[in-house]
>>> print(open('model.cif').read())   # mmCIF, C-alpha atoms
data_target
loop_
_atom_site.label_atom_id
_atom_site.label_comp_id
_atom_site.auth_asym_id
_atom_site.auth_seq_id
_atom_site.Cartn_x
_atom_site.Cartn_y
_atom_site.Cartn_z
CA MET P 1 -4.89 26.94 13.68
CA ASP P 2 -1.56 28.39 14.75
CA GLN P 3 -2.34 28.36 18.46
CA VAL P 4 0.19 27.16 21.03
CA PHE P 5 -0.40 23.77 22.65
CA TYR P 6 0.82 23.38 26.21
CA THR P 7 0.12 19.70 26.67
CA LEU P 8 -0.15 16.61 24.49
CA GLN P 9 -3.77 16.40 25.64
CA ASP P 10 -4.43 19.88 24.19
CA PHE P 11 -2.76 18.94 20.94
CA MET P 12 -4.59 15.62 20.57
CA THR P 13 -7.97 17.11 21.45
CA HIS P 14 -7.55 19.81 18.84
CA THR P 15 -6.13 17.71 16.00
CA GLU P 16 -8.44 14.74 16.59
CA SER P 17 -11.49 17.01 16.68
CA VAL P 18 -10.58 18.61 13.35
CA THR P 19 -9.72 15.20 11.84
CA TYR P 20 -13.02 13.63 12.96
CA LEU P 21 -14.93 16.51 11.38
CA LEU P 22 -12.96 15.91 8.17
CA VAL P 23 -13.78 12.19 8.34
CA ILE P 24 -17.51 12.96 8.52
CA ALA P 25 -17.21 15.45 5.65
CA THR P 26 -15.29 12.80 3.64
CA LEU P 27 -17.93 10.12 4.23
CA VAL P 28 -20.69 12.46 3.07
CA GLY P 29 -18.58 13.87 0.21
CA MET P 30 -17.50 10.47 -1.10
CA THR P 31 -21.10 9.23 -1.09
CA LEU P 32 -22.29 12.28 -3.04
CA PHE P 33 -19.31 11.98 -5.40
CA TRP P 34 -20.16 8.33 -6.07
CA LEU P 35 -23.75 9.32 -6.89
CA PHE P 36 -22.38 11.97 -9.27
CA LEU P 37 -20.04 9.45 -10.93
CA THR P 38 -22.67 6.75 -11.41
CA GLY P 39 -25.61 9.10 -12.03
CA LYS P 40 -25.74 8.47 -15.76
CA ASP P 41 -24.89 4.75 -15.74
CA GLU P 42 -28.46 3.69 -16.57
CA ASP P 43 -28.51 5.79 -19.74
CA MET V 1 6.57 -20.35 -34.13
CA SER V 2 2.98 -19.72 -34.98
CA GLN V 3 3.10 -16.35 -36.63
CA VAL V 4 -0.26 -14.65 -36.79
CA THR V 5 -0.34 -11.56 -38.95
CA THR V 6 -3.17 -9.15 -38.43
CA GLY V 7 -1.61 -6.23 -40.25
CA GLU V 8 0.97 -5.16 -42.77
CA GLN V 9 4.70 -5.67 -42.23
CA ARG V 10 6.53 -2.46 -41.27
CA SER V 11 9.91 -1.31 -42.56
CA ILE V 12 12.85 -1.39 -40.13
CA PHE V 13 13.98 2.03 -41.43
CA SER V 14 11.57 4.07 -39.33
CA LEU V 15 11.99 7.23 -37.27
CA PHE V 16 11.41 5.25 -34.06
CA ASN V 17 14.16 2.76 -34.93
CA PHE V 18 16.55 5.59 -35.79
CA ILE V 19 15.94 7.38 -32.46
CA ALA V 20 16.09 4.04 -30.59
CA LEU V 21 19.48 3.28 -32.16
CA ILE V 22 20.93 6.63 -31.06
CA VAL V 23 19.55 6.35 -27.52
CA LEU V 24 20.67 2.74 -27.11
CA GLY V 25 24.14 3.61 -28.43
CA MET V 26 24.42 6.49 -25.96
CA GLY V 27 23.16 4.19 -23.19
CA VAL V 28 25.81 1.56 -23.88
CA TYR V 29 28.51 4.24 -23.66
CA LEU V 30 27.07 5.61 -20.37
CA THR V 31 26.82 2.07 -19.02
CA TYR V 32 30.51 1.61 -19.78
CA LEU V 33 31.29 4.87 -17.92
CA ARG V 34 29.16 3.84 -14.94
CA PHE V 35 30.62 0.38 -14.47
CA THR V 36 34.24 1.38 -15.10
CA GLY V 37 34.31 4.77 -13.34
CA GLY V 38 31.79 4.18 -10.53
CA LEU V 39 28.93 6.42 -9.39
CA ALA V 40 31.09 9.55 -9.30
CA ALA V 41 31.80 9.26 -13.03
CA VAL V 42 28.17 9.66 -14.04
CA THR V 43 26.15 10.98 -11.08
CA ASN V 44 25.90 13.91 -8.71
CA LEU V 45 25.14 11.56 -5.80
CA SER V 46 26.84 12.32 -2.48
CA ASP V 47 26.74 11.22 1.15
CA TYR V 48 23.99 13.80 1.71
CA ASN V 49 22.06 12.61 -1.34
CA PRO V 50 22.69 8.90 -1.82
CA TRP V 51 19.36 8.42 -3.59
CA GLY V 52 18.94 10.41 -6.78
CA LEU V 53 17.11 10.21 -10.07
CA TRP V 54 17.58 6.47 -10.51
CA ILE V 55 15.77 5.73 -7.24
CA SER V 56 13.12 8.46 -7.49
CA PHE V 57 12.25 7.95 -11.15
CA ASP V 58 13.45 4.54 -12.32
CA LEU V 59 12.54 2.71 -9.13
CA LEU V 60 9.77 4.58 -7.27
CA CYS V 61 7.96 5.82 -10.40
CA GLY V 62 8.71 2.59 -12.29
CA VAL V 63 7.11 0.39 -9.62
CA ALA V 64 4.09 2.72 -9.26
CA LEU V 65 3.50 2.98 -13.01
CA ALA V 66 3.75 -0.80 -13.37
CA ALA V 67 0.80 -1.22 -10.98
CA GLY V 68 -1.60 -1.60 -13.92
CA GLY V 69 -0.79 -5.33 -13.90
CA TYR V 70 -2.19 -6.17 -10.48
CA VAL V 71 -5.01 -3.59 -10.71
CA THR V 72 -6.31 -4.95 -14.04
CA SER V 73 -5.89 -8.65 -13.26
CA ALA V 74 -7.59 -8.15 -9.87
CA ALA V 75 -10.51 -6.33 -11.54
CA VAL V 76 -10.97 -9.06 -14.15
CA TYR V 77 -10.11 -12.30 -12.35
CA LEU V 78 -10.93 -11.49 -8.71
CA PHE V 79 -13.82 -9.02 -9.06
CA GLY V 80 -15.24 -10.68 -12.19
CA MET V 81 -15.26 -7.58 -14.41
CA LYS V 82 -14.89 -9.63 -17.58
CA LYS V 83 -15.69 -6.69 -19.86
CA TYR V 84 -12.16 -5.40 -19.19
CA HIS V 85 -10.55 -8.69 -20.20
CA SER V 86 -8.82 -7.32 -23.27
CA ALA V 87 -6.86 -4.90 -21.03
CA VAL V 88 -5.25 -7.71 -19.02
CA ARG V 89 -2.49 -8.83 -21.37
CA PRO V 90 -1.24 -5.35 -22.29
CA ALA V 91 -1.33 -4.39 -18.59
CA ILE V 92 0.54 -7.54 -17.51
CA LEU V 93 3.11 -6.97 -20.25
CA THR V 94 3.63 -3.34 -19.20
CA ALA V 95 3.95 -4.41 -15.56
CA PHE V 96 6.40 -7.20 -16.39
CA LEU V 97 8.59 -4.89 -18.47
CA GLY V 98 8.23 -2.14 -15.85
CA TYR V 99 9.48 -4.36 -13.02
CA PHE V 100 12.21 -5.85 -15.20
CA LEU V 101 13.46 -2.33 -15.95
CA VAL V 102 13.24 -1.40 -12.26
CA VAL V 103 15.58 -4.29 -11.43
CA LEU V 104 17.83 -3.32 -14.34
CA ALA V 105 17.96 0.33 -13.21
CA LEU V 106 18.75 -0.78 -9.68
CA GLN V 107 21.94 -2.41 -10.96
CA TYR V 108 23.18 1.01 -12.07
CA ASP V 109 22.48 2.51 -8.66
CA VAL V 110 23.70 -0.36 -6.48
CA GLY V 111 26.49 -1.65 -8.72
CA ARG V 112 28.10 -5.10 -8.70
CA PRO V 113 25.14 -6.81 -10.39
CA TRP V 114 26.53 -10.28 -9.72
CA ARG V 115 25.67 -9.67 -6.07
CA LEU V 116 21.96 -9.20 -6.83
CA PRO V 117 20.95 -12.48 -5.10
CA TYR V 118 22.93 -11.67 -1.92
CA PRO V 119 20.10 -10.00 0.05
CA LEU V 120 17.87 -12.99 -0.62
CA PHE V 121 20.21 -15.94 -0.38
CA VAL V 122 23.42 -14.91 1.39
CA GLN V 123 22.80 -12.21 3.97
CA GLN V 124 19.16 -11.45 4.69
CA GLY V 125 18.40 -8.20 6.49
CA THR V 126 15.10 -9.46 7.86
CA THR V 127 14.52 -6.39 10.04
CA SER V 128 14.78 -4.01 7.07
CA VAL V 129 11.84 -2.72 5.05
CA LEU V 130 14.17 -2.72 2.05
CA PHE V 131 14.61 -6.49 2.45
CA GLU V 132 10.83 -6.92 2.22
CA VAL V 133 10.72 -4.68 -0.86
CA GLY V 134 13.54 -6.69 -2.49
CA LEU V 135 11.88 -10.01 -1.67
CA CYS V 136 8.47 -8.83 -2.94
CA VAL V 137 9.85 -7.32 -6.16
CA ALA V 138 11.89 -10.47 -6.92
CA THR V 139 8.88 -12.72 -6.30
CA TYR V 140 6.42 -10.46 -8.10
CA LEU V 141 8.69 -10.13 -11.14
CA THR V 142 8.76 -13.95 -11.31
CA ILE V 143 4.96 -14.07 -11.01
CA LEU V 144 4.56 -11.42 -13.72
CA PHE V 145 6.83 -13.47 -15.97
CA VAL V 146 4.60 -16.53 -15.44
CA GLU V 147 1.43 -14.43 -15.92
CA PHE V 148 2.84 -13.06 -19.17
CA SER V 149 4.12 -16.43 -20.40
CA PRO V 150 0.82 -17.72 -21.97
CA ALA V 151 1.19 -15.07 -24.71
CA ALA V 152 4.77 -16.18 -25.40
CA LEU V 153 3.81 -19.87 -25.26
CA GLU V 154 0.93 -19.30 -27.70
CA TRP V 155 3.40 -17.54 -30.01
CA LEU V 156 5.85 -20.45 -29.68
CA GLY V 157 3.04 -22.98 -30.25
CA LEU V 158 3.61 -24.77 -26.92
CA LYS V 159 0.00 -25.70 -26.21
CA LYS V 160 0.45 -28.00 -23.20
CA ALA V 161 2.68 -25.61 -21.28
CA ARG V 162 0.35 -22.72 -22.12
CA ASN V 163 -2.73 -24.60 -20.85
CA LEU V 164 -0.92 -25.51 -17.63
CA VAL V 165 0.02 -21.89 -16.91
CA VAL V 166 -3.49 -20.60 -17.70
CA LYS V 167 -4.86 -22.94 -15.00
CA LEU V 168 -2.75 -21.03 -12.46
CA THR V 169 -4.27 -17.63 -13.37
CA ILE V 170 -6.35 -17.10 -10.21
CA LEU V 171 -3.57 -18.24 -7.90
CA LEU V 172 -1.03 -15.97 -9.64
CA THR V 173 -3.46 -13.04 -9.50
CA ILE V 174 -3.97 -13.47 -5.75
CA PHE V 175 -0.21 -13.69 -5.19
CA GLY V 176 0.25 -10.63 -7.40
CA VAL V 177 -2.24 -8.53 -5.44
CA VAL V 178 -0.83 -9.59 -2.06
CA LEU V 179 2.79 -8.92 -3.09
CA SER V 180 1.92 -5.60 -4.75
CA THR V 181 0.00 -4.42 -1.68
CA MET V 182 3.04 -5.25 0.41
CA HIS V 183 5.84 -3.71 -1.62
CA GLN V 184 3.96 -0.71 -3.05
CA SER V 185 3.25 0.40 0.52
CA SER V 186 6.69 -0.62 1.77
CA LEU V 187 8.34 1.73 -0.72
CA GLY V 188 6.57 4.47 1.23
CA SER V 189 7.59 2.85 4.53
CA LEU V 190 11.23 3.39 3.55
CA PHE V 191 10.72 7.08 4.33
CA LEU V 192 9.32 6.42 7.82
CA ILE V 193 12.92 6.15 8.98
CA ALA V 194 13.64 9.77 7.98
CA PRO V 195 11.06 12.02 9.68
CA SER V 196 13.63 14.78 10.14
CA LYS V 197 14.78 14.68 6.51
CA LEU V 198 11.43 14.67 4.71
CA HIS V 199 9.36 17.85 4.79
CA PRO V 200 6.42 17.49 7.26
CA LEU V 201 3.84 18.06 4.50
CA TRP V 202 5.07 14.94 2.67
CA TYR V 203 6.14 12.98 5.71
CA SER V 204 3.34 11.17 7.47
CA SER V 205 2.93 7.97 9.41
CA TYR V 206 0.34 7.21 6.70
CA ILE V 207 2.95 7.39 3.92
CA PRO V 208 2.74 3.61 3.20
CA ILE V 209 -1.00 4.06 2.58
CA TYR V 210 -0.32 7.09 0.35
CA PHE V 211 2.13 5.07 -1.74
CA PHE V 212 -0.28 2.15 -2.06
CA VAL V 213 -3.27 4.30 -3.02
CA THR V 214 -1.24 6.31 -5.54
CA SER V 215 -0.05 3.03 -7.08
CA ILE V 216 -3.71 2.17 -7.80
CA ILE V 217 -4.18 5.62 -9.39
CA ALA V 218 -1.00 5.14 -11.44
CA GLY V 219 -2.06 1.64 -12.47
CA LEU V 220 -5.53 2.68 -13.62
CA SER V 221 -4.24 5.77 -15.43
CA MET V 222 -1.39 3.87 -17.07
CA VAL V 223 -3.82 1.30 -18.49
CA ILE V 224 -5.83 4.15 -20.07
CA LEU V 225 -2.68 5.87 -21.33
CA GLU V 226 -1.11 2.69 -22.64
CA SER V 227 -4.37 1.72 -24.37
CA THR V 228 -4.40 5.17 -26.01
CA PHE V 229 -0.86 4.75 -27.33
CA SER V 230 -1.56 1.18 -28.44
CA HIS V 231 -4.56 2.41 -30.43
CA ARG V 232 -2.42 5.13 -31.95
CA PHE V 233 0.54 2.97 -32.96
CA PHE V 234 -0.63 -0.67 -32.96
CA ALA V 235 -4.27 -0.45 -34.05
CA TYR V 236 -3.38 -2.69 -37.01
CA LYS V 237 -2.58 -5.48 -34.53
CA MET V 238 -5.89 -5.27 -32.64
CA ASP V 239 -8.78 -7.62 -33.17
CA ALA V 240 -12.45 -6.66 -33.09
CA THR V 241 -12.81 -7.50 -29.37
CA HIS V 242 -10.01 -5.13 -28.38
CA LEU V 243 -11.37 -2.33 -30.52
CA LYS V 244 -14.92 -2.89 -29.21
CA GLU V 245 -13.94 -3.02 -25.52
CA ALA V 246 -11.60 0.00 -25.66
CA ASN V 247 -14.27 2.60 -24.80
CA ASP V 248 -15.64 0.53 -21.90
CA ILE V 249 -12.11 0.18 -20.50
CA THR V 250 -11.46 3.92 -20.75
CA LEU V 251 -14.78 4.85 -19.10
CA GLY V 252 -14.60 2.13 -16.43
CA PHE V 253 -10.98 2.77 -15.46
CA GLY V 254 -11.57 6.53 -15.62
CA LYS V 255 -14.44 6.18 -13.15
CA ALA V 256 -12.35 4.04 -10.78
CA ALA V 257 -9.39 6.43 -11.03
CA SER V 258 -11.63 9.42 -10.31
CA TYR V 259 -12.99 7.83 -7.14
CA VAL V 260 -9.61 6.62 -5.89
CA LEU V 261 -8.13 10.09 -6.53
CA ALA V 262 -10.95 11.63 -4.48
CA GLY V 263 -10.24 9.18 -1.65
CA TYR V 264 -6.52 9.93 -1.85
CA PHE V 265 -7.23 13.66 -1.68
CA ALA V 266 -9.29 13.07 1.46
CA VAL V 267 -6.63 10.99 3.25
CA LYS V 268 -3.94 13.52 2.33
CA VAL V 269 -5.97 16.32 3.92
CA MET V 270 -6.54 14.13 6.98
CA GLY V 271 -2.77 13.54 7.11
CA ILE V 272 -2.19 17.31 7.34
CA SER V 273 -4.89 17.59 9.96
CA SER V 274 -3.75 14.74 12.21
CA ALA V 275 -0.21 16.18 12.36
CA ASN V 276 -1.56 19.75 12.57
CA ASN V 277 0.65 20.83 9.69
CA TRP V 278 -1.69 23.53 8.37
CA HIS V 279 0.78 26.33 9.07
CA TYR V 280 3.28 24.86 6.58
CA LEU V 281 0.80 25.49 3.75
CA LYS V 282 1.66 29.20 3.86
CA THR V 283 5.35 28.54 3.08
CA GLY V 284 7.02 28.00 -0.31
CA TYR V 285 7.01 24.23 0.21
CA GLY V 286 3.34 24.53 1.16
CA MET V 287 2.55 26.23 -2.16
CA TRP V 288 4.35 23.45 -4.01
CA PHE V 289 2.45 20.88 -1.93
CA LEU V 290 -0.83 22.57 -2.92
CA VAL V 291 0.21 22.52 -6.59
CA GLU V 292 0.62 18.74 -6.29
CA LEU V 293 -2.54 18.20 -4.25
CA LEU V 294 -4.88 20.50 -6.18
CA GLY V 295 -3.35 20.38 -9.66
CA PHE V 296 -2.44 16.69 -9.85
CA VAL V 297 -4.90 15.02 -7.46
CA ALA V 298 -8.08 17.09 -7.15
CA LEU V 299 -8.08 18.35 -10.75
CA PRO V 300 -7.65 14.92 -12.43
CA SER V 301 -10.31 13.50 -10.10
CA VAL V 302 -12.79 16.16 -11.23
CA LEU V 303 -11.77 15.89 -14.91
CA TYR V 304 -12.09 12.09 -14.85
CA ALA V 305 -15.54 12.45 -13.24
CA ILE V 306 -16.69 14.96 -15.88
CA GLY V 307 -15.27 12.71 -18.62
CA VAL V 308 -17.22 9.74 -17.22
CA ARG V 309 -20.43 11.78 -16.85
CA ILE V 310 -20.38 13.15 -20.40
CA LYS V 311 -18.82 9.90 -21.71
CA SER V 312 -15.90 11.77 -23.25
CA THR V 313 -13.10 9.24 -23.76
CA GLY V 314 -10.91 12.05 -25.14
CA LEU V 315 -11.11 13.99 -21.88
CA ILE V 316 -10.40 10.84 -19.86
CA LYS V 317 -7.36 10.03 -21.99
CA TRP V 318 -5.90 13.54 -21.54
CA THR V 319 -6.66 13.35 -17.82
CA SER V 320 -4.73 10.08 -17.57
CA VAL V 321 -1.61 12.00 -18.69
CA LEU V 322 -2.21 14.51 -15.87
CA ALA V 323 -2.77 11.74 -13.31
CA VAL V 324 0.34 9.78 -14.36
CA PHE V 325 2.38 12.98 -14.23
CA GLY V 326 0.91 13.63 -10.76
CA VAL V 327 2.16 10.30 -9.43
CA ILE V 328 5.61 10.93 -10.95
CA LEU V 329 5.62 14.40 -9.35
CA ASN V 330 4.67 12.90 -6.00
CA ARG V 331 7.57 10.42 -6.09
CA PHE V 332 9.97 13.20 -7.13
CA ASN V 333 8.69 15.39 -4.31
CA VAL V 334 9.02 12.68 -1.67
CA CYS V 335 12.43 11.41 -2.82
CA LEU V 336 14.10 14.58 -4.11
CA VAL V 337 12.35 17.94 -3.67
CA ALA V 338 11.05 17.61 -0.11
CA PHE V 339 13.85 15.26 0.97
CA ASN V 340 16.80 16.89 2.73
CA TRP V 341 14.77 20.11 2.56
CA GLN V 342 16.79 21.70 5.35
CA LEU V 343 20.12 21.37 3.57
CA PRO V 344 21.67 24.59 2.21
CA PRO V 345 21.03 25.08 -1.53
CA ASP V 346 24.60 24.26 -2.58
CA GLU V 347 24.31 20.85 -0.92
CA ARG V 348 21.06 19.98 -2.70
CA TYR V 349 21.04 17.36 -5.43
CA PHE V 350 20.33 17.88 -9.10
CA PRO V 351 20.90 14.99 -11.52
CA ARG V 352 23.75 15.13 -14.01
CA TRP V 353 22.84 14.70 -17.69
CA THR V 354 24.45 11.26 -17.66
CA GLU V 355 21.98 10.10 -14.99
CA ILE V 356 19.11 11.37 -17.10
CA GLY V 357 20.72 9.69 -20.14
CA ILE V 358 20.77 6.29 -18.41
CA SER V 359 17.11 6.70 -17.36
CA VAL V 360 16.17 7.55 -20.96
CA PHE V 361 18.23 4.53 -22.11
CA ILE V 362 16.29 2.24 -19.75
CA ILE V 363 12.92 3.65 -20.92
CA MET V 364 14.02 3.08 -24.51
CA ILE V 365 14.89 -0.56 -23.75
CA GLY V 366 11.31 -0.89 -22.43
CA LEU V 367 9.79 0.69 -25.54
CA VAL V 368 11.84 -1.52 -27.87
CA LEU V 369 10.94 -4.69 -25.93
CA TYR V 370 7.24 -3.67 -25.78
CA ARG V 371 7.21 -3.06 -29.52
CA PHE V 372 9.02 -6.32 -30.25
CA ILE V 373 6.55 -8.34 -28.14
CA VAL V 374 3.35 -6.56 -29.20
CA THR V 375 4.13 -6.90 -32.90
CA ARG V 376 4.77 -10.64 -32.56
CA MET V 377 2.80 -12.15 -29.68
CA PRO V 378 -0.96 -12.21 -29.06
CA ILE V 379 -1.13 -9.23 -26.70
CA LEU V 380 -3.58 -6.95 -28.51
CA TYR V 381 -5.53 -9.77 -30.16
CA GLU V 382 -6.65 -13.27 -29.27
CA HIS V 383 -4.66 -16.07 -30.86
CA PRO V 384 -6.99 -17.87 -33.30
CA ASP V 385 -6.22 -21.26 -31.66
CA TYR V 386 -7.41 -20.00 -28.27
CA LYS V 387 -10.46 -17.88 -29.06
CA ASP V 388 -12.53 -17.35 -25.89
CA ALA V 389 -10.30 -19.87 -24.10
CA HIS V 390 -9.45 -17.62 -21.15
#
>>> encode(input="model.cif", output="structure tokens")
Amino acid sequence: MDQVFYTLQDFMTHTESVTYLLVIATLVGMTLFWLFLTGKDED
Amino acid sequence: MSQVTTGEQRSIFSLFNFIALIVLGMGVYLTYLRFTGGLAAVTNLSDYNPWGLWISFDLLCGVALAAGGYVTSAAVYLFGMKKYHSAVRPAILTAFLGYFLVVLALQYDVGRPWRLPYPLFVQQGTTSVLFEVGLCVATYLTILFVEFSPAALEWLGLKKARNLVVKLTILLTIFGVVLSTMHQSSLGSLFLIAPSKLHPLWYSSYIPIYFFVTSIIAGLSMVILESTFSHRFFAYKMDATHLKEANDITLGFGKAASYVLAGYFAVKVMGISSANNWHYLKTGYGMWFLVELLGFVALPSVLYAIGVRIKSTGLIKWTSVLAVFGVILNRFNVCLVAFNWQLPPDERYFPRWTEIGISVFIIMIGLVLYRFIVTRMPILYEHPDYKDAH
């Protein structure tokens, strides 16, 4: 992740790609975490 | 005054009163030094470091830790979670005292307290974020006073006035949430003006969102922590409803805090990613950032979640200490540690003992006022004349 960026386009493409992947991971992770948190509510 | 006694009378010759007397005496002396000798007499503040302990701790931490008021009243009155009702009055009281002490502490930092109304009534800086913060805090402190007043009016036996104020509850709660959303985030916005002074790992264009989300974490955790202390020291004042609902409050608020902490962790990581700041993580500041992020955000989130799963109120209560400390650490990092990070070490700021003394003095004023109110007014119990009336 320490590569040199020559243009703003390069920079945005790289950072936005990584961020979008993190967003997807967050959406999945937060859903699973919610299921973990509420898993024993019925008990 | 309608005095309702739900426990034994305590002696005034207690250890707490003894310590309070010493701290308050020291505080009066330091106050004299501050207002006769100026900032230089009691602080290490300089042109490089005009904001020190009083802003980072008394103001930034004070406002965040007082967020329990809007979080709890929103949960109960706006989201209809009536099972947390007994947490509302203690949370509103803590918030009211918290904001009152913030304004008090600000007088030490700004000086000339008689000019406090100037930004609002004489010379408005409408383009400044600080003006919005000042306006919001002044309005919200007034709203918190009105929200708290039913307890005082019940204590004073003023039924008509009390009933009138209770009718305004929903309106006040909505105002409280709107104003808190605005100024909690705006305290973060203050740092948007200093991208070159704040370390890139803490600086982000999302910093207003970080401040707002951490205020929710602080609010939820403070309600748990405050409830723990109230049970420890004021259990004799609590009625059956408060004692019965305590576990539900701890579990419910612990669950909410766990989820908000997880969300905060995610947006912090996205903040690093969107600015491509990964390479800073390998530096000394990066290590410290990871200590904050993993030790005081991720860890409390996991511990809260485990506490909720195994229904361990003890674990949740201990975790609330960690989470509250995490929010304090974050404000210290943003305002002191990572601020002016490029200055040479001899130009960096470290508070003088007198600054710490005045902060301790202000906290002690809060503790004394809290104790005075809780032992007299219906905060931890329902007044017998108004059972189930709210």
>>> residues_around(input="model.cif", residues="Cys335 in chain V", least_positions_apart="5", cutoff="8 Å", atoms="only C-alpha atoms", output="number ranges by chain")
V: 51-52, 55-56
>>> residues_around(input="model.cif", residues="range 14-29 of chain P", least_positions_apart="5", cutoff="8 Å", atoms="all atoms listed in the file", output="CSV table (one decimal) with C-alpha atoms, in the coordinates of the input")
chain,number,residue,atom,x,y,z
V,266,ALA,CA,-9.3,13.1,1.5
V,270,MET,CA,-6.5,14.1,7.0
V,273,SER,CA,-4.9,17.6,10.0
V,274,SER,CA,-3.8,14.7,12.2
V,275,ALA,CA,-0.2,16.2,12.4
V,276,ASN,CA,-1.6,19.8,12.6
>>> residues_around(input="model.cif", residues="range 227-243 of chain V", least_positions_apart="3", cutoff="9 Å", atoms="all atoms listed in the file", output="JSON, numbers by chain")
{"V": [5, 6, 7, 8, 85, 86, 87, 90, 91, 222, 223, 224, 246, 247, 249, 250, 317, 371, 374, 375, 378, 379, 380, 381, 382]}
>>> residues_near_point(input="model.cif", point="(4.2, -5.2, 2.2)", cutoff="12 Å", atoms="all atoms listed in the file", output="PDB file with C-alpha atoms, in the coordinates of the input")
ATOM      1  CA  SER V 128      14.780  -4.010   7.070  1.00  0.00           C
ATOM      2  CA  VAL V 129      11.840  -2.720   5.050  1.00  0.00           C
ATOM      3  CA  LEU V 130      14.170  -2.720   2.050  1.00  0.00           C
ATOM      4  CA  PHE V 131      14.610  -6.490   2.450  1.00  0.00           C
ATOM      5  CA  GLU V 132      10.830  -6.920   2.220  1.00  0.00           C
ATOM      6  CA  VAL V 133      10.720  -4.680  -0.860  1.00  0.00           C
ATOM      7  CA  GLY V 134      13.540  -6.690  -2.490  1.00  0.00           C
ATOM      8  CA  LEU V 135      11.880 -10.010  -1.670  1.00  0.00           C
ATOM      9  CA  CYS V 136       8.470  -8.830  -2.940  1.00  0.00           C
ATOM     10  CA  VAL V 137       9.850  -7.320  -6.160  1.00  0.00           C
ATOM     11  CA  TYR V 140       6.420 -10.460  -8.100  1.00  0.00           C
ATOM     12  CA  GLY V 176       0.250 -10.630  -7.400  1.00  0.00           C
ATOM     13  CA  VAL V 177      -2.240  -8.530  -5.440  1.00  0.00           C
ATOM     14  CA  VAL V 178      -0.830  -9.590  -2.060  1.00  0.00           C
ATOM     15  CA  LEU V 179       2.790  -8.920  -3.090  1.00  0.00           C
ATOM     16  CA  SER V 180       1.920  -5.600  -4.750  1.00  0.00           C
ATOM     17  CA  THR V 181       0.000  -4.420  -1.680  1.00  0.00           C
ATOM     18  CA  MET V 182       3.040  -5.250   0.410  1.00  0.00           C
ATOM     19  CA  HIS V 183       5.840  -3.710  -1.620  1.00  0.00           C
ATOM     20  CA  GLN V 184       3.960  -0.710  -3.050  1.00  0.00           C
ATOM     21  CA  SER V 185       3.250   0.400   0.520  1.00  0.00           C
ATOM     22  CA  SER V 186       6.690  -0.620   1.770  1.00  0.00           C
ATOM     23  CA  LEU V 187       8.340   1.730  -0.720  1.00  0.00           C
ATOM     24  CA  GLY V 188       6.570   4.470   1.230  1.00  0.00           C
ATOM     25  CA  SER V 189       7.590   2.850   4.530  1.00  0.00           C
ATOM     26  CA  LEU V 190      11.230   3.390   3.550  1.00  0.00           C
ATOM     27  CA  PRO V 208       2.740   3.610   3.200  1.00  0.00           C
ATOM     28  CA  ILE V 209      -1.000   4.060   2.580  1.00  0.00           C
ATOM     29  CA  PHE V 211       2.130   5.070  -1.740  1.00  0.00           C
ATOM     30  CA  PHE V 212      -0.280   2.150  -2.060  1.00  0.00           C
TER      31      PHE V 212
END
>>> residues_around(input="model.cif", residues="Leu78 in chain V", least_positions_apart="5", cutoff="9 Å", atoms="all atoms listed in the file", output="list in words")
Ser73, Ile170, Thr173 and Ile174 of chain V
>>> atom_distance(input="model.cif", atom1="CA of Leu281 in chain V", atom2="CA of His199 in chain V")
11.5 Å
>>> resolve_selection(input="model.cif", expression="the PyMOL selection byres ((chain V) within 12 of (chain P))", output="ChimeraX atom specification")
/V:248,251-252,254-282,301-311
>>> write_last_selection(input="model.cif", atoms="C-alpha atoms", output="tab-separated table (two decimals), in the coordinates of the input")
chain	number	residue	atom	x	y	z
V	248	ASP	CA	-15.64	0.53	-21.90
V	251	LEU	CA	-14.78	4.85	-19.10
V	252	GLY	CA	-14.60	2.13	-16.43
V	254	GLY	CA	-11.57	6.53	-15.62
V	255	LYS	CA	-14.44	6.18	-13.15
V	256	ALA	CA	-12.35	4.04	-10.78
V	257	ALA	CA	-9.39	6.43	-11.03
V	258	SER	CA	-11.63	9.42	-10.31
V	259	TYR	CA	-12.99	7.83	-7.14
V	260	VAL	CA	-9.61	6.62	-5.89
V	261	LEU	CA	-8.13	10.09	-6.53
V	262	ALA	CA	-10.95	11.63	-4.48
V	263	GLY	CA	-10.24	9.18	-1.65
V	264	TYR	CA	-6.52	9.93	-1.85
V	265	PHE	CA	-7.23	13.66	-1.68
V	266	ALA	CA	-9.29	13.07	1.46
V	267	VAL	CA	-6.63	10.99	3.25
V	268	LYS	CA	-3.94	13.52	2.33
V	269	VAL	CA	-5.97	16.32	3.92
V	270	MET	CA	-6.54	14.13	6.98
V	271	GLY	CA	-2.77	13.54	7.11
V	272	ILE	CA	-2.19	17.31	7.34
V	273	SER	CA	-4.89	17.59	9.96
V	274	SER	CA	-3.75	14.74	12.21
V	275	ALA	CA	-0.21	16.18	12.36
V	276	ASN	CA	-1.56	19.75	12.57
V	277	ASN	CA	0.65	20.83	9.69
V	278	TRP	CA	-1.69	23.53	8.37
V	279	HIS	CA	0.78	26.33	9.07
V	280	TYR	CA	3.28	24.86	6.58
V	281	LEU	CA	0.80	25.49	3.75
V	282	LYS	CA	1.66	29.20	3.86
V	301	SER	CA	-10.31	13.50	-10.10
V	302	VAL	CA	-12.79	16.16	-11.23
V	303	LEU	CA	-11.77	15.89	-14.91
V	304	TYR	CA	-12.09	12.09	-14.85
V	305	ALA	CA	-15.54	12.45	-13.24
V	306	ILE	CA	-16.69	14.96	-15.88
V	307	GLY	CA	-15.27	12.71	-18.62
V	308	VAL	CA	-17.22	9.74	-17.22
V	309	ARG	CA	-20.43	11.78	-16.85
V	310	ILE	CA	-20.38	13.15	-20.40
V	311	LYS	CA	-18.82	9.90	-21.71
